[in-house]
file final_5.tsv (TSV, C-alpha atoms and all ligand atoms)
chain	number	residue	atom	x	y	z
A	1	MET	CA	40.47	-6.58	-0.07
A	2	ALA	CA	37.76	-5.53	2.39
A	3	ASN	CA	36.27	-2.04	1.99
A	4	ASP	CA	37.28	0.87	4.17
A	5	PHE	CA	33.71	1.64	5.16
A	6	GLU	CA	31.07	0.08	7.34
A	7	ILE	CA	27.42	-0.52	6.47
A	8	CYS	CA	24.61	-0.88	8.99
A	9	VAL	CA	21.26	-2.34	7.91
A	10	PHE	CA	18.46	-1.19	10.20
A	11	GLY	CA	15.54	-3.63	9.96
A	12	ALA	CA	16.71	-7.17	9.21
A	13	GLY	CA	13.74	-8.70	7.42
A	14	ASN	CA	13.38	-9.86	3.82
A	15	ILE	CA	14.99	-6.86	2.15
A	16	GLY	CA	17.48	-6.10	4.95
A	17	CYS	CA	18.84	-9.66	5.16
A	18	TYR	CA	18.99	-10.05	1.39
A	19	VAL	CA	20.69	-6.74	0.62
A	20	GLY	CA	22.88	-6.76	3.74
A	21	GLY	CA	23.80	-10.40	3.19
A	22	ARG	CA	24.77	-9.92	-0.44
A	23	LEU	CA	26.92	-6.93	0.51
A	24	ALA	CA	28.61	-9.00	3.24
A	25	GLY	CA	29.10	-11.76	0.66
A	26	ALA	CA	30.99	-9.19	-1.44
A	27	ARG	CA	33.30	-8.57	1.55
A	28	ALA	CA	31.70	-5.37	2.77
A	29	LYS	CA	31.76	-4.81	6.53
A	30	VAL	CA	28.08	-5.19	7.40
A	31	SER	CA	26.11	-5.12	10.64
A	32	LEU	CA	22.39	-5.83	10.79
A	33	VAL	CA	19.86	-4.71	13.38
A	34	GLY	CA	16.91	-7.03	13.79
A	35	ARG	CA	14.51	-8.75	16.15
A	36	PRO	CA	15.72	-11.60	18.41
A	37	ALA	CA	14.16	-14.37	16.26
A	38	ILE	CA	16.09	-13.43	13.11
A	39	VAL	CA	19.28	-12.76	15.08
A	40	GLU	CA	19.03	-16.31	16.41
A	41	GLU	CA	18.15	-17.79	13.02
A	42	VAL	CA	21.16	-16.19	11.36
A	43	ALA	CA	23.47	-17.08	14.26
A	44	THR	CA	22.44	-20.72	13.72
A	45	HIS	CA	22.28	-20.95	9.92
A	46	GLY	CA	24.08	-17.91	8.52
A	47	LEU	CA	22.47	-16.47	5.40
A	48	HIS	CA	21.82	-18.34	2.17
A	49	LEU	CA	20.85	-15.95	-0.61
A	50	THR	CA	19.59	-16.99	-4.01
A	51	ASP	CA	18.07	-15.22	-6.99
A	52	LEU	CA	16.20	-16.03	-10.17
A	53	HIS	CA	19.40	-15.79	-12.20
A	54	GLY	CA	21.05	-18.62	-10.26
A	55	ALA	CA	23.07	-16.63	-7.74
A	56	ASP	CA	23.69	-18.82	-4.70
A	57	ILE	CA	25.57	-17.11	-1.89
A	58	GLU	CA	26.35	-18.46	1.56
A	59	VAL	CA	27.26	-15.97	4.27
A	60	ARG	CA	28.63	-17.50	7.46
A	61	PRO	CA	27.55	-16.01	10.80
A	62	ALA	CA	31.13	-14.80	11.34
A	63	GLN	CA	30.98	-12.73	8.13
A	64	LEU	CA	28.57	-10.20	9.59
A	65	ARG	CA	27.46	-8.71	12.88
A	66	PHE	CA	23.88	-9.23	13.91
A	67	ASP	CA	22.39	-7.35	16.88
A	68	THR	CA	19.04	-6.40	18.33
A	69	ALA	CA	20.33	-2.96	19.37
A	70	PRO	CA	21.45	-0.36	16.82
A	71	ASN	CA	24.71	0.65	18.62
A	72	ARG	CA	26.85	-0.27	15.64
A	73	ALA	CA	25.14	2.47	13.62
A	74	SER	CA	27.48	4.88	15.42
A	75	ARG	CA	30.38	3.47	13.36
A	76	ALA	CA	28.53	3.23	10.05
A	77	ASP	CA	29.38	5.25	6.96
A	78	LEU	CA	26.24	3.99	5.25
A	79	ILE	CA	22.95	3.05	6.90
A	80	LEU	CA	20.31	1.14	4.93
A	81	VAL	CA	16.85	1.49	6.46
A	82	SER	CA	14.65	-1.53	5.71
A	83	VAL	CA	11.94	-1.46	8.36
A	84	LYS	CA	8.32	-1.28	7.25
A	85	ALA	CA	7.10	2.28	6.61
A	86	GLY	CA	5.11	2.33	9.87
A	87	SER	CA	8.37	1.86	11.81
A	88	THR	CA	10.35	4.59	10.03
A	89	ASP	CA	9.70	7.23	12.67
A	90	GLU	CA	10.88	4.92	15.44
A	91	ALA	CA	13.94	3.92	13.37
A	92	GLY	CA	14.84	7.58	12.85
A	93	ARG	CA	14.41	8.28	16.57
A	94	SER	CA	16.70	5.43	17.62
A	95	LEU	CA	19.35	6.35	15.05
A	96	ALA	CA	19.32	10.06	15.94
A	97	SER	CA	21.56	9.82	19.00
A	98	LEU	CA	23.97	7.38	17.32
A	99	VAL	CA	24.80	8.56	13.81
A	100	ARG	CA	27.75	10.70	12.86
A	101	PRO	CA	27.17	13.85	10.78
A	102	GLY	CA	27.62	13.16	7.08
A	103	THR	CA	26.59	9.50	7.32
A	104	VAL	CA	24.73	8.40	4.19
A	105	VAL	CA	21.31	6.96	5.01
A	106	ILE	CA	19.32	5.20	2.27
A	107	SER	CA	15.69	4.22	2.73
A	108	LEU	CA	15.07	0.93	0.92
A	109	GLN	CA	11.38	1.15	1.72
A	110	ASN	CA	8.16	1.37	-0.25
A	111	GLY	CA	6.11	4.53	0.14
A	112	VAL	CA	6.77	8.15	-0.75
A	113	ARG	CA	7.64	9.80	2.56
A	114	ASN	CA	10.16	7.60	4.40
A	115	ALA	CA	13.21	9.69	3.53
A	116	ASP	CA	11.40	12.86	4.71
A	117	VAL	CA	10.61	11.22	8.04
A	118	LEU	CA	14.21	10.05	8.46
A	119	ARG	CA	15.54	13.49	7.48
A	120	GLU	CA	13.57	15.10	10.31
A	121	HIS	CA	15.39	12.93	12.84
A	122	LEU	CA	18.78	12.92	11.09
A	123	PRO	CA	19.27	16.48	9.81
A	124	GLU	CA	23.06	16.16	9.63
A	125	CYS	CA	23.01	13.00	7.53
A	126	ILE	CA	22.71	12.64	3.77
A	127	VAL	CA	19.32	10.91	3.59
A	128	LEU	CA	18.39	9.43	0.21
A	129	SER	CA	15.30	7.64	-1.08
A	130	SER	CA	15.56	4.44	-3.03
A	131	MET	CA	13.18	1.88	-4.44
A	132	VAL	CA	13.86	-1.87	-4.47
A	133	MET	CA	12.22	-3.08	-7.64
A	134	TYR	CA	12.31	-6.82	-6.90
A	135	ASN	CA	10.65	-9.19	-4.53
A	136	VAL	CA	12.43	-11.08	-1.76
A	137	SER	CA	10.92	-13.93	0.20
A	138	HIS	CA	12.07	-15.60	3.38
A	139	ARG	CA	12.27	-19.36	3.10
A	140	GLY	CA	13.39	-20.18	6.64
A	141	GLU	CA	16.77	-21.24	8.10
A	142	GLY	CA	18.50	-18.08	6.90
A	143	ARG	CA	17.36	-18.51	3.28
A	144	PHE	CA	16.16	-15.48	1.30
A	145	HIS	CA	15.26	-15.58	-2.38
A	146	GLN	CA	14.92	-12.79	-4.95
A	147	GLY	CA	12.02	-13.96	-7.08
A	148	THR	CA	11.55	-11.14	-9.60
A	149	GLU	CA	13.72	-8.96	-11.83
A	150	GLY	CA	14.88	-5.48	-10.98
A	151	GLU	CA	17.38	-3.12	-9.48
A	152	ILE	CA	17.68	-0.67	-6.64
A	153	ILE	CA	16.89	2.81	-7.97
A	154	VAL	CA	18.37	5.48	-5.73
A	155	SER	CA	18.25	9.24	-5.57
A	156	ASP	CA	21.54	10.35	-7.09
A	157	HIS	CA	24.16	12.02	-4.88
A	158	PRO	CA	27.95	12.27	-5.14
A	159	ALA	CA	28.25	10.57	-1.72
A	160	LEU	CA	27.17	7.33	-3.43
A	161	ASP	CA	30.42	7.14	-5.45
A	162	ARG	CA	32.24	5.58	-2.50
A	163	PHE	CA	29.80	2.67	-2.25
A	164	ALA	CA	28.83	2.06	-5.87
A	165	SER	CA	31.44	-0.57	-6.75
A	166	THR	CA	30.66	-2.61	-3.64
A	167	PHE	CA	26.98	-2.74	-4.58
A	168	ARG	CA	27.95	-3.67	-8.13
A	169	ASN	CA	30.29	-6.44	-6.92
A	170	ALA	CA	27.51	-7.73	-4.70
A	171	GLY	CA	25.26	-8.08	-7.76
A	172	LEU	CA	23.10	-5.18	-6.58
A	173	PRO	CA	23.96	-2.35	-8.99
A	174	LEU	CA	22.55	1.02	-7.94
A	175	LEU	CA	20.60	2.79	-10.65
A	176	ARG	CA	21.08	6.47	-9.84
A	177	GLU	CA	18.24	8.82	-10.81
A	178	ALA	CA	18.07	12.58	-10.43
A	179	ASP	CA	14.36	12.77	-9.62
A	180	LEU	CA	13.23	10.03	-7.27
A	181	THR	CA	9.79	11.53	-6.64
A	182	ARG	CA	8.62	10.32	-10.04
A	183	VAL	CA	10.17	6.89	-9.39
A	184	MET	CA	8.59	6.62	-5.93
A	185	TRP	CA	5.13	7.34	-7.30
A	186	ALA	CA	5.64	4.93	-10.19
A	187	LYS	CA	6.65	2.23	-7.69
A	188	LEU	CA	3.63	3.12	-5.59
A	189	LEU	CA	1.45	2.52	-8.64
A	190	LEU	CA	2.96	-0.98	-8.89
A	191	ASN	CA	2.48	-1.47	-5.16
A	192	LEU	CA	-1.25	-0.84	-5.58
A	193	ASN	CA	-1.18	-4.51	-6.48
A	194	ASN	CA	0.03	-5.34	-2.94
A	195	PRO	CA	-3.45	-5.27	-1.32
A	196	ILE	CA	-4.95	-7.17	-4.24
A	197	ASN	CA	-2.27	-9.83	-4.05
A	198	ALA	CA	-2.68	-9.96	-0.27
A	199	LEU	CA	-6.47	-10.39	-0.55
A	200	SER	CA	-6.08	-13.00	-3.28
A	201	GLY	CA	-3.97	-15.10	-0.91
A	202	VAL	CA	-2.06	-16.60	-3.86
A	203	PRO	CA	1.42	-15.99	-5.31
A	204	LEU	CA	1.89	-13.10	-7.75
A	205	LYS	CA	2.17	-15.29	-10.83
A	206	GLU	CA	-1.15	-17.00	-10.12
A	207	GLU	CA	-2.86	-13.74	-9.21
A	208	LEU	CA	-1.60	-11.88	-12.29
A	209	SER	CA	-2.71	-14.76	-14.51
A	210	GLN	CA	-6.34	-14.00	-13.56
A	211	ARG	CA	-8.02	-11.18	-15.46
A	212	LYS	CA	-10.41	-10.19	-12.67
A	213	TYR	CA	-7.58	-9.56	-10.21
A	214	ARG	CA	-5.72	-7.64	-12.92
A	215	LYS	CA	-8.82	-5.53	-13.54
A	216	CYS	CA	-8.81	-4.62	-9.83
A	217	ILE	CA	-5.19	-3.47	-10.09
A	218	GLY	CA	-6.05	-1.45	-13.21
A	219	MET	CA	-8.92	0.28	-11.39
A	220	ALA	CA	-6.73	1.26	-8.44
A	221	GLN	CA	-3.98	2.48	-10.79
A	222	LEU	CA	-6.26	4.50	-13.07
A	223	GLU	CA	-7.76	6.23	-10.04
A	224	ALA	CA	-4.27	7.02	-8.73
A	225	LEU	CA	-3.08	8.21	-12.15
A	226	ALA	CA	-5.93	10.73	-12.39
A	227	ILE	CA	-5.02	12.09	-8.96
A	228	LEU	CA	-1.32	12.24	-9.82
A	229	LYS	CA	-2.18	14.17	-12.97
A	230	ALA	CA	-4.27	16.65	-10.97
A	231	ALA	CA	-1.36	17.04	-8.57
A	232	GLY	CA	1.10	17.64	-11.43
A	233	ILE	CA	3.13	14.48	-10.71
A	234	ARG	CA	4.26	12.51	-13.75
A	235	PRO	CA	5.23	9.00	-12.62
A	236	ALA	CA	8.40	7.54	-14.14
A	237	ARG	CA	8.20	4.67	-16.57
A	238	LEU	CA	9.43	1.57	-14.74
A	239	THR	CA	7.84	-1.11	-16.92
A	240	SER	CA	8.12	-1.93	-20.63
A	241	VAL	CA	5.07	0.29	-21.28
A	242	PRO	CA	4.14	3.63	-19.67
A	243	PRO	CA	2.07	3.47	-16.43
A	244	ALA	CA	-1.20	4.67	-18.02
A	245	LEU	CA	-1.00	2.06	-20.78
A	246	MET	CA	-0.06	-0.67	-18.31
A	247	ALA	CA	-3.10	0.18	-16.17
A	248	ARG	CA	-5.31	-0.38	-19.22
A	249	LEU	CA	-3.46	-3.45	-20.47
A	250	LEU	CA	-4.14	-5.18	-17.17
A	251	GLY	CA	-7.80	-5.47	-18.14
A	252	VAL	CA	-7.31	-7.36	-21.41
A	253	SER	CA	-8.11	-11.08	-21.77
A	254	ASN	CA	-5.72	-13.65	-20.30
A	255	PHE	CA	-4.72	-14.73	-23.78
A	256	LEU	CA	-3.86	-11.20	-24.92
A	257	PHE	CA	-2.14	-10.34	-21.65
A	258	LYS	CA	0.17	-13.34	-21.96
A	259	GLY	CA	1.11	-12.11	-25.41
A	260	VAL	CA	1.69	-8.42	-24.66
A	261	ALA	CA	3.00	-8.56	-21.11
A	262	GLN	CA	4.92	-11.80	-21.10
A	263	SER	CA	7.70	-10.38	-18.91
A	264	VAL	CA	5.20	-9.45	-16.16
A	265	LEU	CA	4.42	-13.16	-15.80
A	266	GLU	CA	8.04	-14.31	-15.95
A	267	ILE	CA	8.37	-14.50	-12.20
A	268	ASP	CA	9.12	-17.10	-9.60
A	269	PRO	CA	5.92	-19.13	-9.06
A	270	LEU	CA	6.22	-18.61	-5.29
A	271	ALA	CA	6.98	-14.86	-5.30
A	272	ARG	CA	4.40	-12.76	-3.51
A	273	THR	CA	4.11	-9.21	-2.24
A	274	SER	CA	5.32	-8.03	1.15
A	275	MET	CA	1.69	-7.28	2.05
A	276	LEU	CA	0.66	-10.91	1.61
A	277	ASP	CA	3.60	-11.81	3.88
A	278	ASP	CA	2.26	-9.31	6.43
A	279	LEU	CA	-1.25	-10.76	6.46
A	280	GLU	CA	0.04	-14.33	6.69
A	281	LEU	CA	2.34	-13.45	9.58
A	282	GLY	CA	-0.37	-11.47	11.40
A	283	ARG	CA	1.57	-8.19	11.08
A	284	LYS	CA	0.20	-4.74	10.43
A	285	SER	CA	0.60	-3.92	6.74
A	286	GLU	CA	1.83	-0.81	4.93
A	287	ILE	CA	-1.59	-0.09	3.41
A	288	ASP	CA	-1.67	3.47	4.85
A	289	TYR	CA	1.58	4.19	3.01
A	290	ILE	CA	0.38	2.76	-0.30
A	291	CYS	CA	-3.36	3.15	-1.02
A	292	GLY	CA	-3.50	5.61	1.88
A	293	GLU	CA	-1.11	7.94	0.03
A	294	VAL	CA	-3.43	7.99	-2.99
A	295	VAL	CA	-6.38	8.89	-0.77
A	296	ARG	CA	-4.30	11.60	0.95
A	297	LEU	CA	-3.03	13.12	-2.30
A	298	GLY	CA	-6.60	13.00	-3.63
A	299	GLU	CA	-7.76	15.04	-0.64
A	300	GLN	CA	-5.06	17.61	-1.38
A	301	VAL	CA	-6.29	18.09	-4.94
A	302	GLY	CA	-10.00	17.87	-4.12
A	303	ARG	CA	-10.63	14.38	-5.50
A	304	THR	CA	-11.94	11.23	-3.89
A	305	ALA	CA	-10.26	7.85	-4.28
A	306	PRO	CA	-13.01	5.32	-3.51
A	307	VAL	CA	-11.19	2.29	-4.93
A	308	ASN	CA	-8.04	2.93	-2.92
A	309	ALA	CA	-10.11	3.80	0.14
A	310	ARG	CA	-11.99	0.51	-0.23
A	311	LEU	CA	-8.76	-1.48	-0.56
A	312	THR	CA	-7.46	0.22	2.58
A	313	GLU	CA	-10.62	-0.75	4.38
A	314	LEU	CA	-10.50	-4.39	3.20
A	315	ILE	CA	-6.88	-4.78	4.27
A	316	LYS	CA	-7.61	-3.32	7.70
A	317	VAL	CA	-10.50	-5.74	8.12
A	318	ALA	CA	-8.13	-8.59	7.21
A	319	GLU	CA	-5.44	-7.29	9.60
A	320	ASN	CA	-7.98	-7.31	12.40
A	321	GLY	CA	-8.93	-10.93	11.94
A	322	GLY	CA	-11.77	-10.40	9.41
A	323	ARG	CA	-12.12	-11.74	5.92
A	324	ARG	CA	-8.77	-12.55	4.29
A	325	HIS	CA	-9.54	-14.24	0.99
A	326	TRP	CA	-11.37	-12.73	-1.97
A	327	SER	CA	-11.81	-14.29	-5.39
A	328	GLY	CA	-11.13	-12.03	-8.37
A	329	ALA	CA	-14.85	-11.75	-9.10
A	330	GLU	CA	-15.73	-10.84	-5.49
A	331	LEU	CA	-12.99	-8.25	-5.22
A	332	LEU	CA	-13.84	-6.67	-8.55
A	333	LYS	CA	-17.49	-6.45	-7.53
A	334	THR	CA	-16.78	-4.70	-4.24
A	335	LEU	CA	-14.31	-2.30	-5.85
A	336	LYS	CA	-16.81	-1.42	-8.56
A	337	ALA	CA	-19.35	-0.70	-5.84
A	338	SER	CA	-16.87	1.35	-3.78
A	339	GLY	CA	-18.13	4.73	-2.78
A	340	LYS	CA	-21.69	3.40	-2.81
A	341	SER	CA	-21.81	0.40	-0.52
A	342	ALA	CA	-21.70	-0.27	3.21
A	343	PRO	CA	-18.47	-1.07	5.10
A	344	VAL	CA	-17.18	-4.65	4.87
A	345	ARG	CA	-17.02	-6.82	8.01
B	1	LIG	N1	9.66	-7.93	0.75
B	1	LIG	C1	9.81	-7.48	-0.46
B	1	LIG	O1	9.88	-8.25	-1.42
B	1	LIG	C2	9.89	-6.01	-0.74
B	1	LIG	C3	9.78	-5.09	0.27
B	1	LIG	N2	9.93	-3.75	-0.02
B	1	LIG	C4	9.83	-2.76	1.04
B	1	LIG	O2	10.98	-2.88	1.89
B	1	LIG	C5	10.63	-2.52	3.23
B	1	LIG	C6	10.99	-3.71	4.13
B	1	LIG	O3	10.18	-4.80	3.75
B	1	LIG	P1	10.46	-6.28	4.27
B	1	LIG	O4	11.89	-6.56	4.29
B	1	LIG	O5	9.56	-7.16	3.48
B	1	LIG	O6	9.91	-6.14	5.76
B	1	LIG	P2	10.14	-7.12	7.00
B	1	LIG	O7	8.99	-6.91	7.91
B	1	LIG	O8	10.44	-8.49	6.49
B	1	LIG	O9	11.47	-6.56	7.67
B	1	LIG	C7	11.57	-5.49	8.54
B	1	LIG	C8	12.13	-6.03	9.83
B	1	LIG	O10	12.61	-4.95	10.63
B	1	LIG	C9	12.24	-5.24	11.99
B	1	LIG	N3	12.30	-4.03	12.78
B	1	LIG	C10	11.44	-2.97	12.78
B	1	LIG	N4	11.84	-2.06	13.70
B	1	LIG	C11	12.94	-2.55	14.28
B	1	LIG	C12	13.79	-2.09	15.31
B	1	LIG	N5	13.57	-0.92	15.93
B	1	LIG	N6	14.83	-2.85	15.70
B	1	LIG	C13	15.05	-4.05	15.10
B	1	LIG	N7	14.29	-4.56	14.11
B	1	LIG	C14	13.24	-3.81	13.70
B	1	LIG	C15	10.85	-5.80	11.83
B	1	LIG	O11	10.40	-6.42	13.01
B	1	LIG	P3	8.84	-6.24	13.45
B	1	LIG	O12	8.03	-6.88	12.36
B	1	LIG	O13	8.81	-6.95	14.76
B	1	LIG	O14	8.59	-4.77	13.56
B	1	LIG	C16	11.07	-6.77	10.68
B	1	LIG	O15	11.59	-7.99	11.13
B	1	LIG	C17	9.14	-2.22	3.21
B	1	LIG	O16	8.93	-0.84	3.06
B	1	LIG	C18	8.64	-2.97	1.97
B	1	LIG	O17	7.47	-2.40	1.41
B	1	LIG	C19	10.26	-3.30	-1.26
B	1	LIG	C20	10.40	-4.19	-2.29
B	1	LIG	C21	10.17	-5.60	-2.14
B	2	LIG	C1	8.54	-5.92	-5.44
B	2	LIG	C2	7.10	-5.66	-5.08
B	2	LIG	C3	6.49	-4.74	-6.10
B	2	LIG	C4	6.29	-6.90	-5.25
B	2	LIG	O1	6.77	-7.94	-4.56
B	2	LIG	C5	7.06	-5.01	-3.74
B	2	LIG	O2	7.45	-3.88	-3.68
B	2	LIG	C6	6.48	-5.59	-2.50
B	2	LIG	O3	6.29	-6.80	-2.41
B	2	LIG	O4	6.22	-4.81	-1.57
call {"tool": "encode", "arguments": {"input": "final_5.tsv", "output": "structure tokens"}}
result
Amino acid sequence: MANDFEICVFGAGNIGCYVGGRLAGARAKVSLVGRPAIVEEVATHGLHLTDLHGADIEVRPAQLRFDTAPNRASRADLILVSVKAGSTDEAGRSLASLVRPGTVVISLQNGVRNADVLREHLPECIVLSSMVMYNVSHRGEGRFHQGTEGEIIVSDHPALDRFASTFRNAGLPLLREADLTRVMWAKLLLNLNNPINALSGVPLKEELSQRKYRKCIGMAQLEALAILKAAGIRPARLTSVPPALMARLLGVSNFLFKGVAQSVLEIDPLARTSMLDDLELGRKSEIDYICGEVVRLGEQVGRTAPVNARLTELIKVAENGGRRHWSGAELLKTLKASGKSAPVR
């Protein structure tokens, strides 16, 4: 039997199409809001969703609504926001005149402030943060693939009870956590790999197999961890080892790393971060909402964050048509020199 509620996904890209499509595949009433190109792609091919565990789900165009305008949000009981963090303000603005009071709005985005931005525009809604722990890639013709393990961790609220079984039936169980601030910062620590993966230009598995790239991630994380500590924020443990230990483990030899962090490397050989997607597609990245947040928090507690500032700078150079590819050795060298050297062109 179909559910008695309607879900609107605002921002039909990798995450929006995957999550929205799987919910539609579980017979939820789903509408998606996206750009004309994806609306056309899905109208032609439908959605074909796969994951690393062998899920293989076809969603016919007739099984969901796909629009470029968000009008359908006015009927939604649940809105999933899956635009990039830089578009959150605009998403909130366009939803403001449409939503009904009491509508549940979940941000599926990376970053630590999206729900706050949405809340400002949607004060009568129940706005919740969540973190999608896995990677989704777009493989053309309506195909989206989940290439790494993980769940959706969401800020707990009784209003989620109504939707929980639908997410579970869709193979997307919601992990409900009382304190999402700690989860958001822990995810941000993992996302500090996004610029490194983007600048490596190679899939995650290949990047993480190289010690020098891993050392770069460790440097960015250790810097962020010191700032979090000064700010009194204790990031949640999202990996098999606590964040501080993981940051150090990243620097060990390839041989040792394979032994101690086997699960980190058990990923689809093609999986890559959303920031590498952004650079390849010529889009503006979320760097200001990832490394930029570390720099900002550092300023609040009177600390500098030269490694994260440098990564921000390198990604902006790449976004603007400058250098895109860095070997592990080159990246490590420039990060070690951060705070001392001249800007990169
Ligand atoms: N991809 C991944 O594997 C993961 C992503 N995330 C996070 O999830 C969020 C979404 O990422 P992802 O799915 O990769 O991003 P995408 O860029 O693939 O998807 C967002 C889509 O929303 C569109 N969009 C933005 N504003 C509007 C609007 N007003 N109307 C219609 N469409 C709009 C964008 O178009 P346009 O580009 O033209 O603005 C884009 O097509 C990000 O915060 C990301 O960090 C988290 C975990 C994993
Ligand atoms: C899942 C993960 C950490 C890596 O793909 C991600 O959040 C992203 O790509 O932005």
call {"tool": "closest_atom_pairs", "arguments": {"input": "final_5.tsv", "of": "chain A", "to": "ligand LIG 2 (chain B)", "cutoff": "6 Å", "atoms": "all atoms listed in the file", "output": "JSON lines"}}
result
{"residue": "A:Met133", "atom": "CA", "partner": "B:LIG2", "partner_atom": "C1", "distance": 5.1}
{"residue": "A:Tyr134", "atom": "CA", "partner": "B:LIG2", "partner_atom": "C1", "distance": 4.1}
{"residue": "A:Asn135", "atom": "CA", "partner": "B:LIG2", "partner_atom": "C1", "distance": 4.0}
{"residue": "A:Leu190", "atom": "CA", "partner": "B:LIG2", "partner_atom": "C3", "distance": 5.9}
{"residue": "A:Asn191", "atom": "CA", "partner": "B:LIG2", "partner_atom": "C3", "distance": 5.3}
{"residue": "A:Arg272", "atom": "CA", "partner": "B:LIG2", "partner_atom": "O1", "distance": 5.5}
{"residue": "A:Thr273", "atom": "CA", "partner": "B:LIG2", "partner_atom": "O3", "distance": 3.3}
{"residue": "A:Ser274", "atom": "CA", "partner": "B:LIG2", "partner_atom": "O3", "distance": 3.9}
call {"tool": "closest_residue", "arguments": {"input": "final_5.tsv", "among": "A:Leu249, A:Ala337, A:Leu175, A:Leu281", "to": "ligand LIG 1 (chain B)", "atoms": "all atoms listed in the file"}}
result
A:Leu281
call {"tool": "closest_residue", "arguments": {"input": "final_5.tsv", "among": "A:Pro158, A:Gly282, A:Pro173, A:Pro235", "to": "ligand LIG 1 (chain B)", "atoms": "all atoms listed in the file"}}
result
A:Gly282
call {"tool": "closest_residue", "arguments": {"input": "final_5.tsv", "among": "A:Cys125, A:Ala170, A:Val105, A:Leu80", "to": "A:Arg27", "atoms": "only C-alpha atoms"}}
result
A:Ala170
call {"tool": "closest_residue", "arguments": {"input": "final_5.tsv", "among": "A:Pro269, A:Ser285, A:Glu207, A:Thr304", "to": "A:Ile227", "atoms": "only C-alpha atoms"}}
result
A:Thr304
call {"tool": "residues_near_point", "arguments": {"input": "final_5.tsv", "point": "(15.6, 11.6, 9.9)", "cutoff": "8 Å", "atoms": "all atoms listed in the file", "output": "MDAnalysis selection string"}}
result
chainID A and resid 89 92:93 96 115:123 125 127
call {"tool": "residues_near_ligand", "arguments": {"input": "final_5.tsv", "ligand": "ligand LIG 1 (chain B)", "cutoff": "7 Å", "atoms": "only C-alpha atoms and all ligand atoms", "output": "ChimeraX atom specification"}}
result
/A:10-16,33-35,68-69,82-85,87,90-91,108-111,131-137,273-274,283,286
call {"tool": "residues_around", "arguments": {"input": "final_5.tsv", "residues": "A:Ser200", "least_positions_apart": "2", "cutoff": "12 Å", "atoms": "only C-alpha atoms", "output": "tab-separated table (two decimals) with C-alpha atoms, keeping the file's coordinate frame"}}
result
chain	number	residue	atom	x	y	z
A	193	ASN	CA	-1.18	-4.51	-6.48
A	194	ASN	CA	0.03	-5.34	-2.94
A	195	PRO	CA	-3.45	-5.27	-1.32
A	196	ILE	CA	-4.95	-7.17	-4.24
A	197	ASN	CA	-2.27	-9.83	-4.05
A	198	ALA	CA	-2.68	-9.96	-0.27
A	202	VAL	CA	-2.06	-16.60	-3.86
A	203	PRO	CA	1.42	-15.99	-5.31
A	204	LEU	CA	1.89	-13.10	-7.75
A	205	LYS	CA	2.17	-15.29	-10.83
A	206	GLU	CA	-1.15	-17.00	-10.12
A	207	GLU	CA	-2.86	-13.74	-9.21
A	208	LEU	CA	-1.60	-11.88	-12.29
A	209	SER	CA	-2.71	-14.76	-14.51
A	210	GLN	CA	-6.34	-14.00	-13.56
A	212	LYS	CA	-10.41	-10.19	-12.67
A	213	TYR	CA	-7.58	-9.56	-10.21
A	214	ARG	CA	-5.72	-7.64	-12.92
A	216	CYS	CA	-8.81	-4.62	-9.83
A	217	ILE	CA	-5.19	-3.47	-10.09
A	272	ARG	CA	4.40	-12.76	-3.51
A	273	THR	CA	4.11	-9.21	-2.24
A	275	MET	CA	1.69	-7.28	2.05
A	276	LEU	CA	0.66	-10.91	1.61
A	279	LEU	CA	-1.25	-10.76	6.46
A	280	GLU	CA	0.04	-14.33	6.69
A	314	LEU	CA	-10.50	-4.39	3.20
A	315	ILE	CA	-6.88	-4.78	4.27
A	318	ALA	CA	-8.13	-8.59	7.21
A	323	ARG	CA	-12.12	-11.74	5.92
A	324	ARG	CA	-8.77	-12.55	4.29
A	325	HIS	CA	-9.54	-14.24	0.99
A	326	TRP	CA	-11.37	-12.73	-1.97
A	327	SER	CA	-11.81	-14.29	-5.39
A	328	GLY	CA	-11.13	-12.03	-8.37
A	329	ALA	CA	-14.85	-11.75	-9.10
A	330	GLU	CA	-15.73	-10.84	-5.49
A	331	LEU	CA	-12.99	-8.25	-5.22
A	332	LEU	CA	-13.84	-6.67	-8.55
call {"tool": "closest_residue", "arguments": {"input": "final_5.tsv", "among": "A:Arg22, A:Cys17, A:Cys8, A:Leu270", "to": "A:Gly147", "atoms": "only C-alpha atoms"}}
result
A:Leu270
call {"tool": "closest_residue", "arguments": {"input": "final_5.tsv", "among": "A:Val301, A:Val252, A:Ala159, A:Val9", "to": "A:Arg211", "atoms": "only C-alpha atoms"}}
result
A:Val252
call {"tool": "atom_distance", "arguments": {"input": "final_5.tsv", "atom1": "atom CA of A:Arg182", "atom2": "atom CA of A:Val81"}}
result
20.4 Å
call {"tool": "atom_distance", "arguments": {"input": "final_5.tsv", "atom1": "atom CA of A:Gln300", "atom2": "atom CA of A:Ala224"}}
result
12.9 Å
call {"tool": "atom_distance", "arguments": {"input": "final_5.tsv", "atom1": "atom CA of A:His157", "atom2": "atom CA of A:Tyr18"}}
result
23.5 Å
call {"tool": "residues_around", "arguments": {"input": "final_5.tsv", "residues": "A:Glu6", "least_positions_apart": "3", "cutoff": "9 Å", "atoms": "all atoms listed in the file", "output": "list in words"}}
result
Asn3, Ala28, Lys29, Val30, Ser31, Ala73, Arg75, Ala76, Asp77, Leu78 and Ile79 of chain A
